[in-house]
$ cat upload_9.cif   # mmCIF, C-alpha atoms and all ligand atoms
data_target
#
loop_
_atom_site.group_PDB
_atom_site.id
_atom_site.type_symbol
_atom_site.label_atom_id
_atom_site.label_comp_id
_atom_site.auth_asym_id
_atom_site.auth_seq_id
_atom_site.Cartn_x
_atom_site.Cartn_y
_atom_site.Cartn_z
ATOM 1 C CA MET A 9 64.214 -31.919 -6.932
ATOM 2 C CA ALA A 10 60.522 -32.055 -6.084
ATOM 3 C CA GLY A 11 59.708 -32.714 -2.453
ATOM 4 C CA GLY A 12 57.778 -35.865 -3.264
ATOM 5 C CA LYS A 13 60.640 -37.388 -5.177
ATOM 6 C CA GLU A 14 63.083 -36.558 -2.425
ATOM 7 C CA ALA A 15 60.837 -38.234 0.141
ATOM 8 C CA ASN A 16 60.611 -41.252 -2.147
ATOM 9 C CA SER A 17 64.352 -41.521 -2.509
ATOM 10 C CA THR A 18 64.706 -41.857 1.257
ATOM 11 C CA ALA A 19 62.170 -44.662 1.617
ATOM 12 C CA PRO A 20 63.832 -47.902 2.686
ATOM 13 C CA SER A 21 63.348 -50.919 0.423
ATOM 14 C CA GLY A 22 64.303 -54.542 0.160
ATOM 15 C CA LEU A 23 65.108 -57.355 2.571
ATOM 16 C CA LEU A 24 68.241 -57.841 4.679
ATOM 17 C CA ALA A 25 68.697 -61.281 6.215
ATOM 18 C CA ILE A 26 71.117 -61.384 9.147
ATOM 19 C CA PHE A 27 72.375 -64.830 10.119
ATOM 20 C CA ALA A 28 75.345 -66.332 11.923
ATOM 21 C CA HIS A 29 76.933 -68.898 9.601
ATOM 22 C CA PRO A 30 76.997 -69.688 5.900
ATOM 23 C CA ASP A 31 74.005 -72.120 5.459
ATOM 24 C CA ASP A 32 71.734 -70.620 8.195
ATOM 25 C CA GLU A 33 70.231 -68.287 5.585
ATOM 26 C CA SER A 34 69.272 -71.081 3.202
ATOM 27 C CA TYR A 35 67.662 -73.313 5.839
ATOM 28 C CA GLY A 36 65.670 -70.610 7.565
ATOM 29 C CA ALA A 37 64.804 -68.017 4.968
ATOM 30 C CA GLY A 38 66.161 -69.140 1.591
ATOM 31 C CA GLY A 39 62.661 -69.442 0.143
ATOM 32 C CA VAL A 40 61.515 -66.047 1.385
ATOM 33 C CA MET A 41 64.664 -64.432 -0.014
ATOM 34 C CA ALA A 42 64.250 -66.114 -3.403
ATOM 35 C CA LEU A 43 60.565 -65.095 -3.527
ATOM 36 C CA ALA A 44 61.365 -61.496 -2.595
ATOM 37 C CA ALA A 45 64.134 -61.290 -5.189
ATOM 38 C CA ALA A 46 61.904 -62.819 -7.887
ATOM 39 C CA ALA A 47 59.279 -60.146 -7.117
ATOM 40 C CA GLY A 48 61.874 -57.437 -7.787
ATOM 41 C CA ASN A 49 63.020 -56.598 -4.260
ATOM 42 C CA LYS A 50 66.667 -56.057 -3.396
ATOM 43 C CA VAL A 51 67.786 -58.861 -1.093
ATOM 44 C CA TRP A 52 71.020 -59.186 0.865
ATOM 45 C CA VAL A 53 72.528 -61.596 3.390
ATOM 46 C CA LEU A 54 74.726 -60.319 6.183
ATOM 47 C CA CYS A 55 76.651 -63.257 7.637
ATOM 48 C CA ALA A 56 78.195 -62.563 11.037
ATOM 49 C CA THR A 57 80.871 -65.292 11.037
ATOM 50 C CA ASN A 58 83.011 -67.068 8.493
ATOM 51 C CA GLY A 59 81.849 -70.494 9.705
ATOM 52 C CA ASP A 60 85.391 -71.672 10.371
ATOM 53 C CA GLN A 61 84.327 -74.213 13.034
ATOM 54 C CA GLY A 62 82.089 -76.020 10.568
ATOM 55 C CA GLY A 63 84.353 -78.985 9.908
ATOM 56 C CA ARG A 64 83.178 -82.505 10.673
ATOM 57 C CA PRO A 65 79.863 -81.741 12.320
ATOM 58 C CA GLY A 66 78.790 -84.050 15.103
ATOM 59 C CA GLU A 67 82.219 -85.208 16.191
ATOM 60 C CA MET A 68 83.383 -83.981 19.569
ATOM 61 C CA ASP A 69 86.942 -85.202 19.636
ATOM 62 C CA VAL A 70 88.235 -83.952 16.301
ATOM 63 C CA ASP A 71 89.421 -80.695 14.874
ATOM 64 C CA HIS A 72 86.444 -78.677 13.689
ATOM 65 C CA ALA A 73 88.593 -76.155 11.849
ATOM 66 C CA LEU A 74 87.597 -75.492 8.269
ATOM 67 C CA ASP A 75 89.191 -73.092 5.811
ATOM 68 C CA PRO A 76 86.912 -70.028 6.053
ATOM 69 C CA GLU A 77 87.356 -69.430 2.324
ATOM 70 C CA ILE A 78 85.461 -72.648 1.637
ATOM 71 C CA ARG A 79 82.424 -71.454 3.565
ATOM 72 C CA ARG A 80 82.590 -67.937 2.153
ATOM 73 C CA ALA A 81 82.595 -69.392 -1.357
ATOM 74 C CA GLU A 82 79.707 -71.717 -0.462
ATOM 75 C CA LEU A 83 77.643 -68.742 0.706
ATOM 76 C CA ALA A 84 78.421 -66.824 -2.492
ATOM 77 C CA CYS A 85 77.208 -69.892 -4.421
ATOM 78 C CA ALA A 86 74.005 -70.017 -2.334
ATOM 79 C CA CYS A 87 73.290 -66.317 -2.904
ATOM 80 C CA GLU A 88 73.616 -66.852 -6.634
ATOM 81 C CA ALA A 89 71.252 -69.831 -6.446
ATOM 82 C CA LEU A 90 68.705 -67.724 -4.548
ATOM 83 C CA GLY A 91 69.035 -64.879 -7.062
ATOM 84 C CA ILE A 92 70.170 -62.319 -4.471
ATOM 85 C CA ALA A 93 73.143 -59.969 -3.998
ATOM 86 C CA GLU A 94 76.626 -61.193 -3.068
ATOM 87 C CA PRO A 95 77.008 -61.923 0.646
ATOM 88 C CA ILE A 96 78.335 -59.428 3.166
ATOM 89 C CA PHE A 97 80.441 -60.699 6.080
ATOM 90 C CA LEU A 98 81.165 -59.235 9.494
ATOM 91 C CA GLY A 99 84.137 -61.584 9.695
ATOM 92 C CA TYR A 100 83.810 -62.875 13.257
ATOM 93 C CA ARG A 101 85.053 -66.352 13.938
ATOM 94 C CA ASP A 102 82.591 -69.179 14.401
ATOM 95 C CA SER A 103 82.106 -69.986 18.119
ATOM 96 C CA GLY A 104 81.580 -73.676 17.490
ATOM 97 C CA MET A 105 78.829 -75.618 19.192
ATOM 98 C CA GLU A 106 78.028 -75.371 22.860
ATOM 99 C CA GLY A 107 80.684 -77.139 24.901
ATOM 100 C CA TRP A 108 83.478 -76.854 22.313
ATOM 101 C CA GLY A 109 84.943 -73.654 23.834
ATOM 102 C CA ALA A 110 84.586 -70.538 21.684
ATOM 103 C CA PRO A 111 87.871 -69.343 20.098
ATOM 104 C CA GLU A 112 89.232 -65.836 20.384
ATOM 105 C CA GLY A 113 87.643 -63.471 17.865
ATOM 106 C CA SER A 114 84.392 -65.432 17.772
ATOM 107 C CA LEU A 115 80.961 -63.832 17.581
ATOM 108 C CA SER A 116 79.733 -65.074 20.959
ATOM 109 C CA LEU A 117 82.754 -63.482 22.703
ATOM 110 C CA ALA A 118 82.541 -60.122 20.874
ATOM 111 C CA PRO A 119 81.187 -57.157 22.862
ATOM 112 C CA LYS A 120 77.485 -56.841 22.060
ATOM 113 C CA ALA A 121 77.678 -53.061 21.533
ATOM 114 C CA GLU A 122 80.426 -53.496 18.947
ATOM 115 C CA VAL A 123 78.472 -56.073 16.941
ATOM 116 C CA VAL A 124 75.290 -53.972 17.115
ATOM 117 C CA GLU A 125 77.118 -50.883 15.826
ATOM 118 C CA ARG A 126 78.624 -52.827 12.934
ATOM 119 C CA ILE A 127 75.203 -54.171 11.950
ATOM 120 C CA VAL A 128 73.651 -50.699 12.228
ATOM 121 C CA ALA A 129 76.351 -49.399 9.870
ATOM 122 C CA VAL A 130 75.374 -52.033 7.280
ATOM 123 C CA ILE A 131 71.671 -51.174 7.680
ATOM 124 C CA ARG A 132 72.422 -47.459 7.185
ATOM 125 C CA ARG A 133 74.380 -48.240 4.019
ATOM 126 C CA LEU A 134 71.885 -50.662 2.422
ATOM 127 C CA ARG A 135 68.677 -49.128 3.800
ATOM 128 C CA PRO A 136 66.474 -52.240 3.733
ATOM 129 C CA ALA A 137 62.771 -51.988 4.606
ATOM 130 C CA VAL A 138 62.646 -55.402 6.242
ATOM 131 C CA ILE A 139 65.076 -57.349 8.409
ATOM 132 C CA VAL A 140 64.936 -61.047 9.225
ATOM 133 C CA THR A 141 67.102 -62.871 11.744
ATOM 134 C CA PHE A 142 66.885 -65.799 14.171
ATOM 135 C CA ASP A 143 64.373 -65.818 16.975
ATOM 136 C CA PRO A 144 65.941 -65.395 20.447
ATOM 137 C CA GLY A 145 66.542 -69.131 20.925
ATOM 138 C CA GLY A 146 68.429 -69.279 17.641
ATOM 139 C CA VAL A 147 66.334 -72.305 16.536
ATOM 140 C CA TYR A 148 68.553 -74.726 18.445
ATOM 141 C CA GLY A 149 70.513 -72.528 20.825
ATOM 142 C CA HIS A 150 73.877 -72.333 19.024
ATOM 143 C CA PRO A 151 75.810 -69.562 20.838
ATOM 144 C CA ASP A 152 76.370 -67.684 17.550
ATOM 145 C CA HIS A 153 72.670 -67.930 16.674
ATOM 146 C CA THR A 154 71.516 -66.454 19.973
ATOM 147 C CA ALA A 155 74.196 -63.718 19.742
ATOM 148 C CA CYS A 156 73.101 -62.990 16.172
ATOM 149 C CA SER A 157 69.428 -62.693 17.166
ATOM 150 C CA ALA A 158 70.180 -60.366 20.076
ATOM 151 C CA THR A 159 72.527 -58.067 18.150
ATOM 152 C CA ALA A 160 70.507 -57.943 14.927
ATOM 153 C CA THR A 161 67.328 -57.217 16.897
ATOM 154 C CA ALA A 162 69.048 -54.417 18.843
ATOM 155 C CA ALA A 163 70.483 -53.036 15.586
ATOM 156 C CA TYR A 164 67.000 -53.058 14.032
ATOM 157 C CA GLU A 165 65.595 -51.139 16.994
ATOM 158 C CA GLU A 166 68.329 -48.537 16.751
ATOM 159 C CA ALA A 167 68.091 -48.126 12.959
ATOM 160 C CA ALA A 168 64.279 -48.206 12.897
ATOM 161 C CA ALA A 169 64.218 -45.116 15.121
ATOM 162 C CA GLU A 170 66.174 -43.147 12.492
ATOM 163 C CA PRO A 171 64.616 -41.385 9.485
ATOM 164 C CA GLY A 172 64.520 -43.783 6.524
ATOM 165 C CA GLY A 173 65.216 -46.747 8.807
ATOM 166 C CA PRO A 174 63.753 -50.245 8.378
ATOM 167 C CA ILE A 175 60.021 -50.711 8.989
ATOM 168 C CA ALA A 176 59.596 -54.394 9.784
ATOM 169 C CA LEU A 177 61.450 -57.079 11.759
ATOM 170 C CA TYR A 178 60.908 -60.822 11.467
ATOM 171 C CA HIS A 179 62.327 -63.635 13.568
ATOM 172 C CA GLN A 180 62.774 -67.006 11.909
ATOM 173 C CA ALA A 181 61.314 -69.647 14.246
ATOM 174 C CA LEU A 182 60.143 -73.253 14.063
ATOM 175 C CA PRO A 183 56.688 -74.217 15.356
ATOM 176 C CA ARG A 184 56.508 -77.184 17.739
ATOM 177 C CA SER A 185 54.390 -79.128 15.255
ATOM 178 C CA TYR A 186 57.319 -79.093 12.836
ATOM 179 C CA ILE A 187 59.787 -80.694 15.218
ATOM 180 C CA ALA A 188 58.313 -84.203 15.266
ATOM 181 C CA ALA A 189 58.208 -84.211 11.482
ATOM 182 C CA MET A 190 61.795 -83.018 11.375
ATOM 183 C CA ARG A 191 62.966 -85.737 13.746
ATOM 184 C CA ALA A 192 61.288 -88.423 11.673
ATOM 185 C CA GLY A 193 62.830 -86.930 8.556
ATOM 186 C CA MET A 194 66.319 -86.962 10.049
ATOM 187 C CA GLU A 195 65.932 -90.594 11.160
ATOM 188 C CA GLU A 196 64.751 -91.514 7.696
ATOM 189 C CA GLU A 197 67.675 -89.717 6.109
ATOM 190 C CA ARG A 198 70.149 -91.415 8.408
ATOM 191 C CA ARG A 199 68.658 -94.809 7.624
ATOM 192 C CA ARG A 200 68.589 -94.293 3.893
ATOM 193 C CA GLY A 201 72.119 -92.946 3.899
ATOM 194 C CA GLY A 202 73.176 -96.353 5.299
ATOM 195 C CA ASP A 203 74.320 -94.662 8.498
ATOM 196 C CA ASP A 204 73.703 -97.155 11.295
ATOM 197 C CA LYS A 205 75.810 -95.311 13.878
ATOM 198 C CA PRO A 206 73.764 -93.984 16.786
ATOM 199 C CA PRO A 207 73.355 -90.187 16.791
ATOM 200 C CA SER A 208 76.382 -88.355 18.224
ATOM 201 C CA GLU A 209 76.313 -86.388 21.460
ATOM 202 C CA ASP A 210 76.176 -83.141 19.453
ATOM 203 C CA ASP A 211 73.260 -84.470 17.395
ATOM 204 C CA LEU A 212 71.318 -85.479 20.513
ATOM 205 C CA ARG A 213 71.991 -82.170 22.216
ATOM 206 C CA GLN A 214 70.894 -80.317 19.088
ATOM 207 C CA GLN A 215 67.706 -82.375 18.821
ATOM 208 C CA GLU A 216 66.839 -81.698 22.448
ATOM 209 C CA ALA A 217 67.454 -77.972 21.920
ATOM 210 C CA PHE A 218 65.258 -77.943 18.804
ATOM 211 C CA GLU A 219 62.421 -79.398 20.880
ATOM 212 C CA LYS A 220 62.919 -77.081 23.810
ATOM 213 C CA LEU A 221 63.298 -73.910 21.732
ATOM 214 C CA ALA A 222 60.539 -74.452 19.155
ATOM 215 C CA ARG A 223 57.737 -71.924 19.484
ATOM 216 C CA PRO A 224 54.137 -72.848 20.312
ATOM 217 C CA ASP A 225 52.314 -72.926 16.948
ATOM 218 C CA ASP A 226 50.031 -70.027 17.815
ATOM 219 C CA GLU A 227 53.034 -67.714 18.265
ATOM 220 C CA ILE A 228 54.002 -68.180 14.609
ATOM 221 C CA THR A 229 52.506 -65.222 12.718
ATOM 222 C CA THR A 230 53.876 -65.767 9.236
ATOM 223 C CA VAL A 231 53.808 -69.013 7.269
ATOM 224 C CA VAL A 232 55.222 -68.516 3.782
ATOM 225 C CA PRO A 233 54.589 -71.204 1.138
ATOM 226 C CA ILE A 234 57.784 -71.417 -0.882
ATOM 227 C CA GLY A 235 56.978 -74.250 -3.311
ATOM 228 C CA SER A 236 57.429 -71.991 -6.338
ATOM 229 C CA VAL A 237 61.098 -71.393 -5.416
ATOM 230 C CA LEU A 238 61.859 -74.746 -3.771
ATOM 231 C CA GLU A 239 64.335 -75.559 -6.562
ATOM 232 C CA ARG A 240 66.303 -72.444 -5.690
ATOM 233 C CA LYS A 241 66.292 -73.242 -1.990
ATOM 234 C CA ILE A 242 67.483 -76.803 -2.571
ATOM 235 C CA ALA A 243 70.172 -75.540 -4.972
ATOM 236 C CA ALA A 244 71.287 -73.045 -2.313
ATOM 237 C CA LEU A 245 71.438 -75.759 0.367
ATOM 238 C CA ALA A 246 73.441 -77.958 -2.005
ATOM 239 C CA CYS A 247 76.010 -75.126 -2.321
ATOM 240 C CA HIS A 248 76.888 -75.661 1.352
ATOM 241 C CA ASP A 249 78.581 -78.886 0.468
ATOM 242 C CA SER A 250 80.973 -78.900 3.461
ATOM 243 C CA GLN A 251 77.972 -79.037 5.853
ATOM 244 C CA MET A 252 75.689 -81.459 4.120
ATOM 245 C CA ARG A 253 77.031 -84.882 5.107
ATOM 246 C CA ASN A 254 76.692 -86.144 1.555
ATOM 247 C CA ARG A 255 72.972 -85.666 1.235
ATOM 248 C CA PRO A 256 71.528 -87.601 -1.701
ATOM 249 C CA TRP A 257 70.075 -84.557 -3.491
ATOM 250 C CA ASP A 258 69.114 -86.496 -6.606
ATOM 251 C CA ASP A 259 67.378 -89.420 -4.913
ATOM 252 C CA PRO A 260 63.579 -89.141 -5.463
ATOM 253 C CA GLU A 261 62.740 -90.277 -1.905
ATOM 254 C CA ALA A 262 65.131 -87.767 -0.390
ATOM 255 C CA ARG A 263 63.642 -85.191 -2.675
ATOM 256 C CA ALA A 264 60.073 -85.930 -1.518
ATOM 257 C CA GLN A 265 61.200 -85.655 2.075
ATOM 258 C CA MET A 266 62.852 -82.297 1.392
ATOM 259 C CA GLU A 267 59.642 -81.045 -0.160
ATOM 260 C CA ARG A 268 57.773 -81.990 3.011
ATOM 261 C CA MET A 269 60.377 -80.407 5.269
ATOM 262 C CA PHE A 270 61.105 -77.285 3.266
ATOM 263 C CA GLY A 271 57.758 -76.461 1.636
ATOM 264 C CA THR A 272 57.029 -73.576 4.006
ATOM 265 C CA GLU A 273 59.097 -71.151 6.066
ATOM 266 C CA THR A 274 57.869 -69.888 9.407
ATOM 267 C CA PHE A 275 58.419 -66.593 11.207
ATOM 268 C CA VAL A 276 57.263 -64.388 14.029
ATOM 269 C CA ARG A 277 56.578 -60.806 12.979
ATOM 270 C CA VAL A 278 58.158 -58.862 15.816
ATOM 271 C CA ASP A 279 57.614 -55.349 14.504
ATOM 272 C CA PRO A 280 55.080 -54.030 13.734
ATOM 273 C CA PRO A 281 53.262 -56.707 15.747
ATOM 274 C CA LEU A 282 50.275 -58.415 14.141
ATOM 275 C CA PRO A 283 46.989 -58.230 16.037
ATOM 276 C CA VAL A 284 46.580 -61.352 18.195
ATOM 277 C CA GLY A 285 45.194 -64.275 16.195
ATOM 278 C CA GLU A 286 45.986 -62.701 12.816
ATOM 279 C CA LYS A 287 48.271 -64.539 10.382
ATOM 280 C CA GLU A 288 49.969 -63.621 7.111
ATOM 281 C CA ASP A 289 51.563 -65.624 4.305
ATOM 282 C CA ARG A 290 54.238 -63.181 3.155
ATOM 283 C CA PHE A 291 56.453 -60.453 4.551
ATOM 284 C CA ALA A 292 55.049 -56.961 5.045
ATOM 285 C CA GLY A 293 57.072 -54.002 3.745
ATOM 286 C CA LEU A 294 58.171 -55.578 0.443
ATOM 287 C CA GLU A 295 56.904 -55.331 -3.131
ATOM 288 C CA TRP A 296 54.862 -58.364 -4.207
ATOM 289 C CA GLY A 297 53.848 -57.259 -7.689
ATOM 290 C CA GLY A 298 50.467 -55.857 -6.644
ATOM 291 C CA LYS A 299 49.110 -59.290 -5.681
HETATM 292 ZN ZN ZN B 301 74.401 -71.651 12.136
#
$ encode --input "upload_9.cif" --output "structure tokens"
Amino acid sequence: MAGGKEANSTAPSGLLAIFAHPDDESYGAGGVMALAAAAGNKVWVLCATNGDQGGRPGEMDVDHALDPEIRRAELACACEALGIAEPIFLGYRDSGMEGWGAPEGSLSLAPKAEVVERIVAVIRRLRPAVIVTFDPGGVYGHPDHTACSATATAAYEEAAAEPGGPIALYHQALPRSYIAAMRAGMEEERRRGGDDKPPSEDDLRQQEAFEKLARPDDEITTVVPIGSVLERKIAALACHDSQMRNRPWDDPEARAQMERMFGTETFVRVDPPLPVGEKEDRFAGLEWGGK
């Protein structure tokens, strides 16, 4: 084999998204994944938990247990909608929201070194060029999100130091300017859904965390317009039926609101860092068809 070809065959390629629960991938990076796949890149999702505490969101005093097979199947459905490979699971249990008490075997209780090594093993096997995960606050501070960010980031650092390792790391993050729009959107959705109950304690806590953990707008380096694949993202979100509180996907008003909320995806490029003040509108390290 010629030297050049050999070197080529060791070059990493494609995008690996590492998130905590089935549905995190579609909210945060579904558009980017669909765009990358449509441009011919290999795209995978590594999901750290099986989402088995995802039952009845927003209710403190009920059983949150959900058959993990339901959420695994929902993620497989979402991956198909996004046009990417079948999902890969680490199989940790869902820790549940802050204050619920994480069950044994959950991601937030797992030793960090163990989780990092398991993620590194997946990176070595798939050899992606680019990795995306949550930013350190995990968007709204869910214990599995923050654990996922910390372990995936450490795994990137370890794998990136190896020959043929990944070359870019992105953190999915929301800019502060987005949060007010999101809050208005959620109110609107609640109202239109005929839900006149006040927001639950979990909802309020989550909203507060969103506001506290959003990044100042100038820290966001990468704003990706995803309008051309919005259909795929919405189809992927709709796959996560157990989490969606009966969203009216077909209602034109709801649809317009989704377009406002989901028209762009926002990230911080962690590695290699962008020069201060510079912005980009797509991920580095992937093939974009020469555009
Ligand atoms: Zn999540």
$ closest_atom_pairs --input "upload_9.cif" --of "chain A" --to "ligand ZN 301 (chain B)" --cutoff "12 Å" --atoms "all atoms listed in the file" --output "JSON lines"
{"residue": "A:Ile26", "atom": "CA", "partner": "B:ZN301", "partner_atom": "ZN", "distance": 11.2}
{"residue": "A:Phe27", "atom": "CA", "partner": "B:ZN301", "partner_atom": "ZN", "distance": 7.4}
{"residue": "A:Ala28", "atom": "CA", "partner": "B:ZN301", "partner_atom": "ZN", "distance": 5.4}
{"residue": "A:His29", "atom": "CA", "partner": "B:ZN301", "partner_atom": "ZN", "distance": 4.5}
{"residue": "A:Pro30", "atom": "CA", "partner": "B:ZN301", "partner_atom": "ZN", "distance": 7.0}
{"residue": "A:Asp31", "atom": "CA", "partner": "B:ZN301", "partner_atom": "ZN", "distance": 6.7}
{"residue": "A:Asp32", "atom": "CA", "partner": "B:ZN301", "partner_atom": "ZN", "distance": 4.9}
{"residue": "A:Glu33", "atom": "CA", "partner": "B:ZN301", "partner_atom": "ZN", "distance": 8.5}
{"residue": "A:Ser34", "atom": "CA", "partner": "B:ZN301", "partner_atom": "ZN", "distance": 10.3}
{"residue": "A:Tyr35", "atom": "CA", "partner": "B:ZN301", "partner_atom": "ZN", "distance": 9.4}
{"residue": "A:Gly36", "atom": "CA", "partner": "B:ZN301", "partner_atom": "ZN", "distance": 9.9}
{"residue": "A:Cys55", "atom": "CA", "partner": "B:ZN301", "partner_atom": "ZN", "distance": 9.8}
{"residue": "A:Ala56", "atom": "CA", "partner": "B:ZN301", "partner_atom": "ZN", "distance": 9.9}
{"residue": "A:Thr57", "atom": "CA", "partner": "B:ZN301", "partner_atom": "ZN", "distance": 9.1}
{"residue": "A:Asn58", "atom": "CA", "partner": "B:ZN301", "partner_atom": "ZN", "distance": 10.4}
{"residue": "A:Gly59", "atom": "CA", "partner": "B:ZN301", "partner_atom": "ZN", "distance": 7.9}
{"residue": "A:Asp60", "atom": "CA", "partner": "B:ZN301", "partner_atom": "ZN", "distance": 11.1}
{"residue": "A:Gln61", "atom": "CA", "partner": "B:ZN301", "partner_atom": "ZN", "distance": 10.3}
{"residue": "A:Gly62", "atom": "CA", "partner": "B:ZN301", "partner_atom": "ZN", "distance": 9.0}
{"residue": "A:Pro65", "atom": "CA", "partner": "B:ZN301", "partner_atom": "ZN", "distance": 11.5}
{"residue": "A:Arg79", "atom": "CA", "partner": "B:ZN301", "partner_atom": "ZN", "distance": 11.7}
{"residue": "A:Asp102", "atom": "CA", "partner": "B:ZN301", "partner_atom": "ZN", "distance": 8.8}
{"residue": "A:Ser103", "atom": "CA", "partner": "B:ZN301", "partner_atom": "ZN", "distance": 9.9}
{"residue": "A:Gly104", "atom": "CA", "partner": "B:ZN301", "partner_atom": "ZN", "distance": 9.2}
{"residue": "A:Met105", "atom": "CA", "partner": "B:ZN301", "partner_atom": "ZN", "distance": 9.2}
{"residue": "A:Glu106", "atom": "CA", "partner": "B:ZN301", "partner_atom": "ZN", "distance": 11.9}
{"residue": "A:Leu115", "atom": "CA", "partner": "B:ZN301", "partner_atom": "ZN", "distance": 11.6}
{"residue": "A:Thr141", "atom": "CA", "partner": "B:ZN301", "partner_atom": "ZN", "distance": 11.4}
{"residue": "A:Phe142", "atom": "CA", "partner": "B:ZN301", "partner_atom": "ZN", "distance": 9.7}
{"residue": "A:Gly146", "atom": "CA", "partner": "B:ZN301", "partner_atom": "ZN", "distance": 8.5}
{"residue": "A:Val147", "atom": "CA", "partner": "B:ZN301", "partner_atom": "ZN", "distance": 9.2}
{"residue": "A:Tyr148", "atom": "CA", "partner": "B:ZN301", "partner_atom": "ZN", "distance": 9.1}
{"residue": "A:Gly149", "atom": "CA", "partner": "B:ZN301", "partner_atom": "ZN", "distance": 9.6}
{"residue": "A:His150", "atom": "CA", "partner": "B:ZN301", "partner_atom": "ZN", "distance": 6.9}
{"residue": "A:Pro151", "atom": "CA", "partner": "B:ZN301", "partner_atom": "ZN", "distance": 9.1}
{"residue": "A:Asp152", "atom": "CA", "partner": "B:ZN301", "partner_atom": "ZN", "distance": 7.0}
{"residue": "A:His153", "atom": "CA", "partner": "B:ZN301", "partner_atom": "ZN", "distance": 6.1}
{"residue": "A:Thr154", "atom": "CA", "partner": "B:ZN301", "partner_atom": "ZN", "distance": 9.8}
{"residue": "A:Ala155", "atom": "CA", "partner": "B:ZN301", "partner_atom": "ZN", "distance": 11.0}
{"residue": "A:Cys156", "atom": "CA", "partner": "B:ZN301", "partner_atom": "ZN", "distance": 9.6}
{"residue": "A:Ser157", "atom": "CA", "partner": "B:ZN301", "partner_atom": "ZN", "distance": 11.4}
{"residue": "A:Gln214", "atom": "CA", "partner": "B:ZN301", "partner_atom": "ZN", "distance": 11.7}
{"residue": "A:His248", "atom": "CA", "partner": "B:ZN301", "partner_atom": "ZN", "distance": 11.8}
{"residue": "A:Gln251", "atom": "CA", "partner": "B:ZN301", "partner_atom": "ZN", "distance": 10.3}
$ closest_residue --input "upload_9.cif" --among "A:Leu221, A:Ile175, A:Val51, A:Ile92" --to "A:Pro144" --atoms "only C-alpha atoms"
A:Leu221
$ residues_around --input "upload_9.cif" --residues "A:Leu54" --least-positions-apart "4" --cutoff "9 Å" --atoms "all atoms listed in the file" --output "list of chain:residue names"
A:Leu24, A:Ala25, A:Ile26, A:Phe27, A:Ala28, A:Pro95, A:Ile96, A:Phe97, A:Leu98, A:Ile127, A:Val130
$ residues_around --input "upload_9.cif" --residues "A:Thr272" --least-positions-apart "5" --cutoff "6 Å" --atoms "all atoms listed in the file" --output "list of chain:residue names"
A:Val232, A:Pro233, A:Ile234
$ atom_distance --input "upload_9.cif" --atom1 "atom CA of A:Arg135" --atom2 "atom CA of A:Ala47"
18.1 Å
$ residues_around --input "upload_9.cif" --residues "stretch 179-195 of chain A" --least-positions-apart "5" --cutoff "7 Å" --atoms "all atoms listed in the file" --output "ChimeraX atom specification"
/A:36,140-143,147,219,222-225,228,265,269,274-278
$ resolve_selection --input "upload_9.cif" --expression "the PyMOL selection byres (((chain A and resi 247) around 7) and not hetatm)" --output "compact mmCIF listing (two decimals) with C-alpha atoms, in the coordinates of the input"
# COMPACT_ATOMS: atom_id res chain seq x y z
CA GLU A 82 79.71 -71.72 -0.46
CA CYS A 85 77.21 -69.89 -4.42
CA ALA A 86 74.00 -70.02 -2.33
CA ALA A 243 70.17 -75.54 -4.97
CA ALA A 244 71.29 -73.04 -2.31
CA LEU A 245 71.44 -75.76 0.37
CA ALA A 246 73.44 -77.96 -2.00
CA HIS A 248 76.89 -75.66 1.35
CA ASP A 249 78.58 -78.89 0.47
$ atom_distance --input "upload_9.cif" --atom1 "atom CA of A:Ala168" --atom2 "atom CA of A:Gly22"
14.2 Å
$ closest_residue --input "upload_9.cif" --among "A:Pro20, A:Glu197, A:Ala93, A:Glu227" --to "A:Lys287" --atoms "only C-alpha atoms"
A:Glu227
$ atom_distance --input "upload_9.cif" --atom1 "atom CA of A:Thr161" --atom2 "atom CA of A:Val128"
10.2 Å
$ closest_residue --input "upload_9.cif" --among "A:Val237, A:Asp210, A:Ile242, A:Gln215" --to "A:Gly107" --atoms "all atoms listed in the file"
A:Asp210
$ closest_residue --input "upload_9.cif" --among "A:Gly145, A:Ala89, A:Pro206, A:Pro260" --to "A:Ala42" --atoms "all atoms listed in the file"
A:Ala89
$ closest_residue --input "upload_9.cif" --among "A:Arg198, A:Glu239, A:Val138, A:Leu74" --to "A:Asp258" --atoms "only C-alpha atoms"
A:Glu239
$ build_atoms --input "upload_9.cif" --residues "stretch 25-31 of chain A" --atoms "N, CA and C atoms" --output "PDB file, keeping the file's coordinate frame"
ATOM      1  N   ALA A  25      68.704 -60.121   5.328  1.00  0.00           N
ATOM      2  CA  ALA A  25      68.697 -61.281   6.215  1.00  0.00           C
ATOM      3  C   ALA A  25      70.012 -61.285   6.994  1.00  0.00           C
ATOM      4  N   ILE A  26      69.917 -61.405   8.311  1.00  0.00           N
ATOM      5  CA  ILE A  26      71.117 -61.384   9.147  1.00  0.00           C
ATOM      6  C   ILE A  26      71.212 -62.719   9.883  1.00  0.00           C
ATOM      7  N   PHE A  27      72.216 -63.512   9.507  1.00  0.00           N
ATOM      8  CA  PHE A  27      72.375 -64.830  10.119  1.00  0.00           C
ATOM      9  C   PHE A  27      73.813 -65.025  10.572  1.00  0.00           C
ATOM     10  N   ALA A  28      74.060 -66.152  11.240  1.00  0.00           N
ATOM     11  CA  ALA A  28      75.345 -66.332  11.923  1.00  0.00           C
ATOM     12  C   ALA A  28      76.393 -67.031  11.063  1.00  0.00           C
ATOM     13  N   HIS A  29      75.976 -68.084  10.354  1.00  0.00           N
ATOM     14  CA  HIS A  29      76.933 -68.898   9.601  1.00  0.00           C
ATOM     15  C   HIS A  29      76.462 -69.064   8.168  1.00  0.00           C
ATOM     16  N   PRO A  30      77.411 -69.259   7.234  1.00  0.00           N
ATOM     17  CA  PRO A  30      76.997 -69.688   5.900  1.00  0.00           C
ATOM     18  C   PRO A  30      76.187 -70.982   6.052  1.00  0.00           C
ATOM     19  N   ASP A  31      75.039 -71.048   5.533  1.00  0.00           N
ATOM     20  CA  ASP A  31      74.005 -72.120   5.459  1.00  0.00           C
ATOM     21  C   ASP A  31      72.772 -71.789   6.303  1.00  0.00           C
TER      22      ASP A  31
END
